[in-house]
file coords-v4.pdb (PDB, C-alpha atoms and all ligand atoms)
ATOM      1  CA  MET A  11       0.000   0.000   0.000  1.00  0.00           C
ATOM      2  CA  GLY A  12       1.178   3.568  -0.706  1.00  0.00           C
ATOM      3  CA  LYS A  13       2.537   5.733   2.073  1.00  0.00           C
ATOM      4  CA  SER A  14       0.632   8.629   3.563  1.00  0.00           C
ATOM      5  CA  VAL A  15       1.808  11.839   5.216  1.00  0.00           C
ATOM      6  CA  ILE A  16      -0.213  14.441   7.085  1.00  0.00           C
ATOM      7  CA  ILE A  17       0.939  18.067   7.224  1.00  0.00           C
ATOM      8  CA  ILE A  18      -0.367  19.810  10.345  1.00  0.00           C
ATOM      9  CA  ASN A  19      -0.237  23.590  10.704  1.00  0.00           C
ATOM     10  CA  GLY A  20      -0.854  25.607  13.849  1.00  0.00           C
ATOM     11  CA  PRO A  21      -2.258  28.983  14.820  1.00  0.00           C
ATOM     12  CA  ASN A  22      -2.273  32.001  12.513  1.00  0.00           C
ATOM     13  CA  LEU A  23      -0.702  30.117   9.598  1.00  0.00           C
ATOM     14  CA  ASN A  24      -4.066  30.576   7.840  1.00  0.00           C
ATOM     15  CA  LEU A  25      -2.979  34.237   7.526  1.00  0.00           C
ATOM     16  CA  LEU A  26       0.099  33.403   5.450  1.00  0.00           C
ATOM     17  CA  GLY A  27       0.588  35.581   2.407  1.00  0.00           C
ATOM     18  CA  THR A  28      -1.782  38.235   3.716  1.00  0.00           C
ATOM     19  CA  ARG A  29       0.217  39.822   6.583  1.00  0.00           C
ATOM     20  CA  GLU A  30       3.903  40.261   7.583  1.00  0.00           C
ATOM     21  CA  PRO A  31       5.289  39.187   4.154  1.00  0.00           C
ATOM     22  CA  GLU A  32       8.759  40.433   5.229  1.00  0.00           C
ATOM     23  CA  ILE A  33       8.905  37.560   7.760  1.00  0.00           C
ATOM     24  CA  TYR A  34       6.701  34.840   6.300  1.00  0.00           C
ATOM     25  CA  GLY A  35       6.721  35.578   2.545  1.00  0.00           C
ATOM     26  CA  ARG A  36       3.859  36.012   0.108  1.00  0.00           C
ATOM     27  CA  THR A  37       2.997  32.350  -0.328  1.00  0.00           C
ATOM     28  CA  THR A  38      -0.434  31.452   1.065  1.00  0.00           C
ATOM     29  CA  LEU A  39      -1.213  28.278   2.987  1.00  0.00           C
ATOM     30  CA  ALA A  40      -3.299  27.125  -0.007  1.00  0.00           C
ATOM     31  CA  ASP A  41      -0.173  27.598  -2.207  1.00  0.00           C
ATOM     32  CA  ILE A  42       1.862  25.504   0.257  1.00  0.00           C
ATOM     33  CA  GLU A  43      -0.802  22.796   0.231  1.00  0.00           C
ATOM     34  CA  ALA A  44      -0.679  22.688  -3.594  1.00  0.00           C
ATOM     35  CA  LEU A  45       3.163  22.582  -3.577  1.00  0.00           C
ATOM     36  CA  ALA A  46       3.146  19.737  -1.042  1.00  0.00           C
ATOM     37  CA  ARG A  47       0.449  17.730  -2.843  1.00  0.00           C
ATOM     38  CA  ASP A  48       2.336  18.097  -6.174  1.00  0.00           C
ATOM     39  CA  HIS A  49       5.556  16.982  -4.555  1.00  0.00           C
ATOM     40  CA  GLY A  50       3.757  14.105  -2.835  1.00  0.00           C
ATOM     41  CA  ARG A  51       2.516  12.928  -6.256  1.00  0.00           C
ATOM     42  CA  ARG A  52       6.107  13.019  -7.558  1.00  0.00           C
ATOM     43  CA  LEU A  53       7.240  10.929  -4.582  1.00  0.00           C
ATOM     44  CA  GLY A  54       4.261   8.568  -4.779  1.00  0.00           C
ATOM     45  CA  VAL A  55       3.034   9.604  -1.336  1.00  0.00           C
ATOM     46  CA  ASP A  56      -0.497  10.681  -0.398  1.00  0.00           C
ATOM     47  CA  VAL A  57      -0.499  14.085   1.324  1.00  0.00           C
ATOM     48  CA  SER A  58      -3.231  15.303   3.703  1.00  0.00           C
ATOM     49  CA  PHE A  59      -3.235  18.860   5.004  1.00  0.00           C
ATOM     50  CA  VAL A  60      -4.831  20.448   8.078  1.00  0.00           C
ATOM     51  CA  GLN A  61      -4.617  23.791   9.876  1.00  0.00           C
ATOM     52  CA  SER A  62      -6.136  24.794  13.200  1.00  0.00           C
ATOM     53  CA  ASN A  63      -5.838  27.723  15.551  1.00  0.00           C
ATOM     54  CA  LEU A  64      -6.897  25.477  18.453  1.00  0.00           C
ATOM     55  CA  GLU A  65      -4.344  23.521  20.479  1.00  0.00           C
ATOM     56  CA  GLY A  66      -6.825  20.706  21.255  1.00  0.00           C
ATOM     57  CA  GLU A  67      -7.667  20.256  17.586  1.00  0.00           C
ATOM     58  CA  LEU A  68      -3.946  19.932  16.817  1.00  0.00           C
ATOM     59  CA  VAL A  69      -3.653  17.305  19.585  1.00  0.00           C
ATOM     60  CA  ASP A  70      -6.624  15.450  18.016  1.00  0.00           C
ATOM     61  CA  ALA A  71      -5.042  15.579  14.543  1.00  0.00           C
ATOM     62  CA  ILE A  72      -1.774  14.139  15.917  1.00  0.00           C
ATOM     63  CA  GLN A  73      -3.583  11.376  17.861  1.00  0.00           C
ATOM     64  CA  LYS A  74      -5.674  10.420  14.812  1.00  0.00           C
ATOM     65  CA  ALA A  75      -2.537  10.005  12.669  1.00  0.00           C
ATOM     66  CA  ARG A  76      -1.720   6.719  14.445  1.00  0.00           C
ATOM     67  CA  GLY A  77      -2.450   3.763  12.153  1.00  0.00           C
ATOM     68  CA  VAL A  78      -3.564   6.099   9.337  1.00  0.00           C
ATOM     69  CA  HIS A  79      -0.481   8.067   8.308  1.00  0.00           C
ATOM     70  CA  ASP A  80       3.156   6.966   8.017  1.00  0.00           C
ATOM     71  CA  GLY A  81       4.556  10.368   8.888  1.00  0.00           C
ATOM     72  CA  ILE A  82       3.692  13.821  10.211  1.00  0.00           C
ATOM     73  CA  ILE A  83       5.047  17.190   9.113  1.00  0.00           C
ATOM     74  CA  LEU A  84       4.272  19.673  11.880  1.00  0.00           C
ATOM     75  CA  ASN A  85       4.520  23.430  11.941  1.00  0.00           C
ATOM     76  CA  ALA A  86       3.026  24.045  15.379  1.00  0.00           C
ATOM     77  CA  ALA A  87       3.622  27.812  14.964  1.00  0.00           C
ATOM     78  CA  ALA A  88       3.555  29.608  18.357  1.00  0.00           C
ATOM     79  CA  TYR A  89       2.560  26.368  20.153  1.00  0.00           C
ATOM     80  CA  THR A  90       6.045  25.099  19.263  1.00  0.00           C
ATOM     81  CA  HIS A  91       7.359  27.236  22.092  1.00  0.00           C
ATOM     82  CA  THR A  92       4.630  26.584  24.670  1.00  0.00           C
ATOM     83  CA  SER A  93       2.866  23.264  24.218  1.00  0.00           C
ATOM     84  CA  VAL A  94       3.666  20.274  26.403  1.00  0.00           C
ATOM     85  CA  ALA A  95       0.333  18.871  25.130  1.00  0.00           C
ATOM     86  CA  LEU A  96       1.567  18.732  21.521  1.00  0.00           C
ATOM     87  CA  MET A  97       4.872  17.210  22.617  1.00  0.00           C
ATOM     88  CA  ASP A  98       3.035  14.519  24.630  1.00  0.00           C
ATOM     89  CA  ALA A  99       0.652  13.807  21.721  1.00  0.00           C
ATOM     90  CA  LEU A 100       3.524  13.377  19.245  1.00  0.00           C
ATOM     91  CA  LYS A 101       5.389  11.102  21.642  1.00  0.00           C
ATOM     92  CA  ALA A 102       2.255   9.030  22.355  1.00  0.00           C
ATOM     93  CA  THR A 103       1.209   8.640  18.726  1.00  0.00           C
ATOM     94  CA  GLY A 104       4.555   7.151  17.768  1.00  0.00           C
ATOM     95  CA  VAL A 105       4.261   8.392  14.169  1.00  0.00           C
ATOM     96  CA  PRO A 106       7.594   9.812  12.933  1.00  0.00           C
ATOM     97  CA  ALA A 107       7.428  13.595  12.640  1.00  0.00           C
ATOM     98  CA  VAL A 108       9.475  16.322  10.985  1.00  0.00           C
ATOM     99  CA  GLU A 109       9.204  19.791  12.544  1.00  0.00           C
ATOM    100  CA  VAL A 110       9.036  22.657  10.053  1.00  0.00           C
ATOM    101  CA  HIS A 111       9.243  26.430  10.402  1.00  0.00           C
ATOM    102  CA  LEU A 112       9.099  28.942   7.589  1.00  0.00           C
ATOM    103  CA  SER A 113      11.423  31.334   9.379  1.00  0.00           C
ATOM    104  CA  ASN A 114      14.761  30.587  11.005  1.00  0.00           C
ATOM    105  CA  ILE A 115      13.545  30.535  14.603  1.00  0.00           C
ATOM    106  CA  PHE A 116      17.170  30.726  15.834  1.00  0.00           C
ATOM    107  CA  SER A 117      17.778  34.094  14.199  1.00  0.00           C
ATOM    108  CA  ARG A 118      14.685  35.551  15.866  1.00  0.00           C
ATOM    109  CA  GLU A 119      13.696  36.425  19.453  1.00  0.00           C
ATOM    110  CA  PRO A 120      15.184  34.180  22.210  1.00  0.00           C
ATOM    111  CA  PHE A 121      11.722  32.856  23.184  1.00  0.00           C
ATOM    112  CA  ARG A 122      11.528  31.204  19.749  1.00  0.00           C
ATOM    113  CA  HIS A 123      14.802  29.324  20.268  1.00  0.00           C
ATOM    114  CA  HIS A 124      13.196  26.679  22.459  1.00  0.00           C
ATOM    115  CA  SER A 125      10.900  24.059  20.912  1.00  0.00           C
ATOM    116  CA  TYR A 126       8.831  21.465  22.778  1.00  0.00           C
ATOM    117  CA  ILE A 127       8.510  19.629  19.436  1.00  0.00           C
ATOM    118  CA  SER A 128      12.194  19.132  18.508  1.00  0.00           C
ATOM    119  CA  PRO A 129      12.974  16.507  21.204  1.00  0.00           C
ATOM    120  CA  VAL A 130      10.190  14.249  19.872  1.00  0.00           C
ATOM    121  CA  ALA A 131      10.734  14.947  16.151  1.00  0.00           C
ATOM    122  CA  ILE A 132      13.093  12.963  13.937  1.00  0.00           C
ATOM    123  CA  GLY A 133      14.431  16.260  12.571  1.00  0.00           C
ATOM    124  CA  VAL A 134      13.841  19.961  12.082  1.00  0.00           C
ATOM    125  CA  ILE A 135      13.793  22.150   8.960  1.00  0.00           C
ATOM    126  CA  CYS A 136      13.597  25.911   9.442  1.00  0.00           C
ATOM    127  CA  GLY A 137      14.392  29.075   7.550  1.00  0.00           C
ATOM    128  CA  PHE A 138      13.585  27.971   4.004  1.00  0.00           C
ATOM    129  CA  GLY A 139      10.113  29.467   3.742  1.00  0.00           C
ATOM    130  CA  ALA A 140       7.437  27.470   1.927  1.00  0.00           C
ATOM    131  CA  LYS A 141      10.116  25.208   0.385  1.00  0.00           C
ATOM    132  CA  GLY A 142      10.689  23.808   3.884  1.00  0.00           C
ATOM    133  CA  TYR A 143       7.534  21.707   3.526  1.00  0.00           C
ATOM    134  CA  VAL A 144       8.857  20.140   0.302  1.00  0.00           C
ATOM    135  CA  LEU A 145      12.240  19.511   1.966  1.00  0.00           C
ATOM    136  CA  ALA A 146      10.436  17.946   4.935  1.00  0.00           C
ATOM    137  CA  LEU A 147       8.544  15.589   2.612  1.00  0.00           C
ATOM    138  CA  ASP A 148      11.838  14.514   1.015  1.00  0.00           C
ATOM    139  CA  ALA A 149      13.397  14.010   4.456  1.00  0.00           C
ATOM    140  CA  LEU A 150      10.439  12.005   5.770  1.00  0.00           C
ATOM    141  CA  VAL A 151      10.151   9.821   2.659  1.00  0.00           C
ATOM    142  CA  ALA A 152      13.900   9.121   2.825  1.00  0.00           C
ATOM    143  CA  THR A 153      13.265   7.448   6.218  1.00  0.00           C
ATOM    144  CA  PHE A 154      10.504   5.134   4.878  1.00  0.00           C
ATOM    145  CA  ASP A 155      11.372   1.455   4.293  1.00  0.00           C
TER     146      ASP A 155
HETATM  147  O1  LIG A 201       8.440  30.333  11.164  1.00  0.00           O
HETATM  148  C1  LIG A 201       7.461  29.619  11.434  1.00  0.00           C
HETATM  149  O2  LIG A 201       6.958  28.824  10.639  1.00  0.00           O
HETATM  150  C2  LIG A 201       6.782  29.780  12.807  1.00  0.00           C
HETATM  151  O3  LIG A 201       6.310  28.493  13.215  1.00  0.00           O
HETATM  152  C3  LIG A 201       5.622  30.738  12.590  1.00  0.00           C
HETATM  153  C4  LIG A 201       4.901  31.108  13.879  1.00  0.00           C
HETATM  154  C5  LIG A 201       5.882  31.579  14.941  1.00  0.00           C
HETATM  155  O4  LIG A 201       5.206  31.793  16.162  1.00  0.00           O
HETATM  156  C6  LIG A 201       7.008  30.566  15.158  1.00  0.00           C
HETATM  157  O5  LIG A 201       7.902  31.094  16.115  1.00  0.00           O
HETATM  158  C7  LIG A 201       7.744  30.289  13.863  1.00  0.00           C
HETATM  159  C8  LIG A 201       3.891  32.214  13.622  1.00  0.00           C
HETATM  160  C9  LIG A 201       2.879  31.900  12.574  1.00  0.00           C
HETATM  161  C10 LIG A 201       2.084  33.140  12.301  1.00  0.00           C
HETATM  162  O6  LIG A 201       1.882  33.235  10.930  1.00  0.00           O
HETATM  163  C11 LIG A 201       1.502  34.442  10.436  1.00  0.00           C
HETATM  164  C12 LIG A 201       1.437  34.530   9.075  1.00  0.00           C
HETATM  165  C13 LIG A 201       1.087  35.722   8.499  1.00  0.00           C
HETATM  166  C14 LIG A 201       0.787  36.822   9.274  1.00  0.00           C
HETATM  167  C15 LIG A 201       0.851  36.716  10.648  1.00  0.00           C
HETATM  168  C16 LIG A 201       1.206  35.518  11.243  1.00  0.00           C
END
call {"tool": "encode", "arguments": {"input": "coords-v4.pdb", "output": "structure tokens", "more": "lines below"}}
Ligand code: CA2
result
Amino acid sequence: MGKSVIIINGPNLNLLGTREPEIYGRTTLADIEALARDHGRRLGVDVSFVQSNLEGELVDAIQKARGVHDGIILNAAAYTHTSVALMDALKATGVPAVEVHLSNIFSREPFRHHSYISPVAIGVICGFGAKGYVLALDALVATFD
């Protein structure tokens, strides 16, 4: 059976391309979804895509990935820096995850330098804008048997 990846996006990422283009670029979340789905087709991987502003809905999406998806790509946005709940959910679900950020969180404010996600992710890609999602798909697929 073909492999399946879910891309999960956190709060305010629905605003991409409409505000703060100097930090986050002009690409919308719908553009990123299209880029990721196209790349998934090239790799022979099914790509699902969700965004929520609600921490509990992100926890639900991570829990539901177990037994359904072979990998998770997670941009938890601001919850990256605050959410023990997302960290626990990722650990519990056991589905391999790649953490993605559009911006280089290490060249920004100190409070963005800590991630609750990184310790439970297989790897992190940050600073490459929308292309980071495509790079994350390549990285995840490279780990599949
Ligand atoms: O660089 C990233 O991808 C972040 O996850 C984005 C988060 C930020 O809190 C993280 O530190 C790094 C913020 C997402 C907010 O997205 C917006 C997009 C357009 C306009 C306003 C916010």
call {"tool": "resolve_selection", "arguments": {"input": "coords-v4.pdb", "expression": "the PyMOL selection byres (((chain A and resi 122) around 12) and not hetatm)", "output": "list in words"}}
result
Ala86, Ala87, Ala88, Tyr89, Thr90, His91, Thr92, His111, Ser113, Asn114, Ile115, Phe116, Ser117, Arg118, Glu119, Pro120, Phe121, His123, His124, Ser125, Tyr126, Ile127 and Cys136 of chain A
call {"tool": "residues_near_point", "arguments": {"input": "coords-v4.pdb", "point": "(-4.1, 13.7, 16.2)", "cutoff": "12 Å", "atoms": "all atoms listed in the file", "output": "compact mmCIF listing (two decimals) with C-alpha atoms, keeping the file's coordinate frame"}}
result
# COMPACT_ATOMS: atom_id res chain seq x y z
CA ILE A 16 -0.21 14.44 7.08
CA ILE A 17 0.94 18.07 7.22
CA ILE A 18 -0.37 19.81 10.34
CA ASN A 19 -0.24 23.59 10.70
CA VAL A 60 -4.83 20.45 8.08
CA GLN A 61 -4.62 23.79 9.88
CA SER A 62 -6.14 24.79 13.20
CA GLU A 65 -4.34 23.52 20.48
CA GLY A 66 -6.82 20.71 21.26
CA GLU A 67 -7.67 20.26 17.59
CA LEU A 68 -3.95 19.93 16.82
CA VAL A 69 -3.65 17.30 19.58
CA ASP A 70 -6.62 15.45 18.02
CA ALA A 71 -5.04 15.58 14.54
CA ILE A 72 -1.77 14.14 15.92
CA GLN A 73 -3.58 11.38 17.86
CA LYS A 74 -5.67 10.42 14.81
CA ALA A 75 -2.54 10.01 12.67
CA ARG A 76 -1.72 6.72 14.44
CA GLY A 77 -2.45 3.76 12.15
CA VAL A 78 -3.56 6.10 9.34
CA HIS A 79 -0.48 8.07 8.31
CA GLY A 81 4.56 10.37 8.89
CA ILE A 82 3.69 13.82 10.21
CA LEU A 84 4.27 19.67 11.88
CA ALA A 95 0.33 18.87 25.13
CA LEU A 96 1.57 18.73 21.52
CA MET A 97 4.87 17.21 22.62
CA ASP A 98 3.04 14.52 24.63
CA ALA A 99 0.65 13.81 21.72
CA LEU A 100 3.52 13.38 19.24
CA LYS A 101 5.39 11.10 21.64
CA ALA A 102 2.26 9.03 22.36
CA THR A 103 1.21 8.64 18.73
CA GLY A 104 4.56 7.15 17.77
CA VAL A 105 4.26 8.39 14.17
call {"tool": "atom_distance", "arguments": {"input": "coords-v4.pdb", "atom1": "atom CA of A:Asp148", "atom2": "atom CA of A:Gly50"}}
result
9.0 Å
call {"tool": "residues_around", "arguments": {"input": "coords-v4.pdb", "residues": "stretch 40-47 of chain A", "least_positions_apart": "3", "cutoff": "7 Å", "atoms": "all atoms listed in the file", "output": "count of residues only"}}
result
8
call {"tool": "resolve_selection", "arguments": {"input": "coords-v4.pdb", "expression": "the PyMOL selection byres (((chain A and resi 11) around 12) and not hetatm)", "output": "list in words"}}
result
Gly12, Lys13, Ser14, Gly54, Val55, Asp56, Val78, His79 and Asp80 of chain A
call {"tool": "axis_aligned_box", "arguments": {"input": "coords-v4.pdb", "around": "ligand LIG 201 (chain A)", "padding_each_side": "8 Å", "output": "AutoDock Vina command-line options"}}
result
--center_x 4.6 --center_y 32.7 --center_z 12.3 --size_x 23.7 --size_y 24.3 --size_z 23.7
call {"tool": "residues_around", "arguments": {"input": "coords-v4.pdb", "residues": "A:Gly139", "least_positions_apart": "6", "cutoff": "12 Å", "atoms": "all atoms listed in the file", "output": "PyMOL selection string"}}
result
chain A and resi 26-27+31-39+42+85+110-115+145-146
call {"tool": "closest_residue", "arguments": {"input": "coords-v4.pdb", "among": "A:Leu53, A:Val108, A:Ile135, A:Leu64", "to": "ligand LIG 201 (chain A)", "atoms": "only C-alpha atoms and all ligand atoms"}}
result
A:Ile135
call {"tool": "closest_residue", "arguments": {"input": "coords-v4.pdb", "among": "A:Thr153, A:Asp48, A:Gly142, A:Gly137", "to": "A:Pro106", "atoms": "all atoms listed in the file"}}
result
A:Thr153
call {"tool": "atom_distance", "arguments": {"input": "coords-v4.pdb", "atom1": "atom CA of A:Leu25", "atom2": "atom C3 of ligand LIG 201 (chain A)"}}
result
10.6 Å
call {"tool": "atom_distance", "arguments": {"input": "coords-v4.pdb", "atom1": "atom C7 of ligand LIG 201 (chain A)", "atom2": "atom CA of A:Val15"}}
result
21.2 Å
call {"tool": "residues_around", "arguments": {"input": "coords-v4.pdb", "residues": "A:Ala131", "least_positions_apart": "2", "cutoff": "6 Å", "atoms": "all atoms listed in the file", "output": "MDAnalysis selection string"}}
result
chainID A and resid 107:108 128:129 133
call {"tool": "closest_residue", "arguments": {"input": "coords-v4.pdb", "among": "A:Ser58, A:Ile83, A:Val151, A:Arg52", "to": "ligand LIG 201 (chain A)", "atoms": "only C-alpha atoms and all ligand atoms"}}
result
A:Ile83
call {"tool": "closest_residue", "arguments": {"input": "coords-v4.pdb", "among": "A:Leu23, A:Ala152, A:Leu147, A:Val130", "to": "ligand LIG 201 (chain A)", "atoms": "all atoms listed in the file"}}
result
A:Leu23
call {"tool": "closest_residue", "arguments": {"input": "coords-v4.pdb", "among": "A:Ala149, A:Asn63, A:Asp155, A:Asn22", "to": "ligand LIG 201 (chain A)", "atoms": "only C-alpha atoms and all ligand atoms"}}
result
A:Asn22
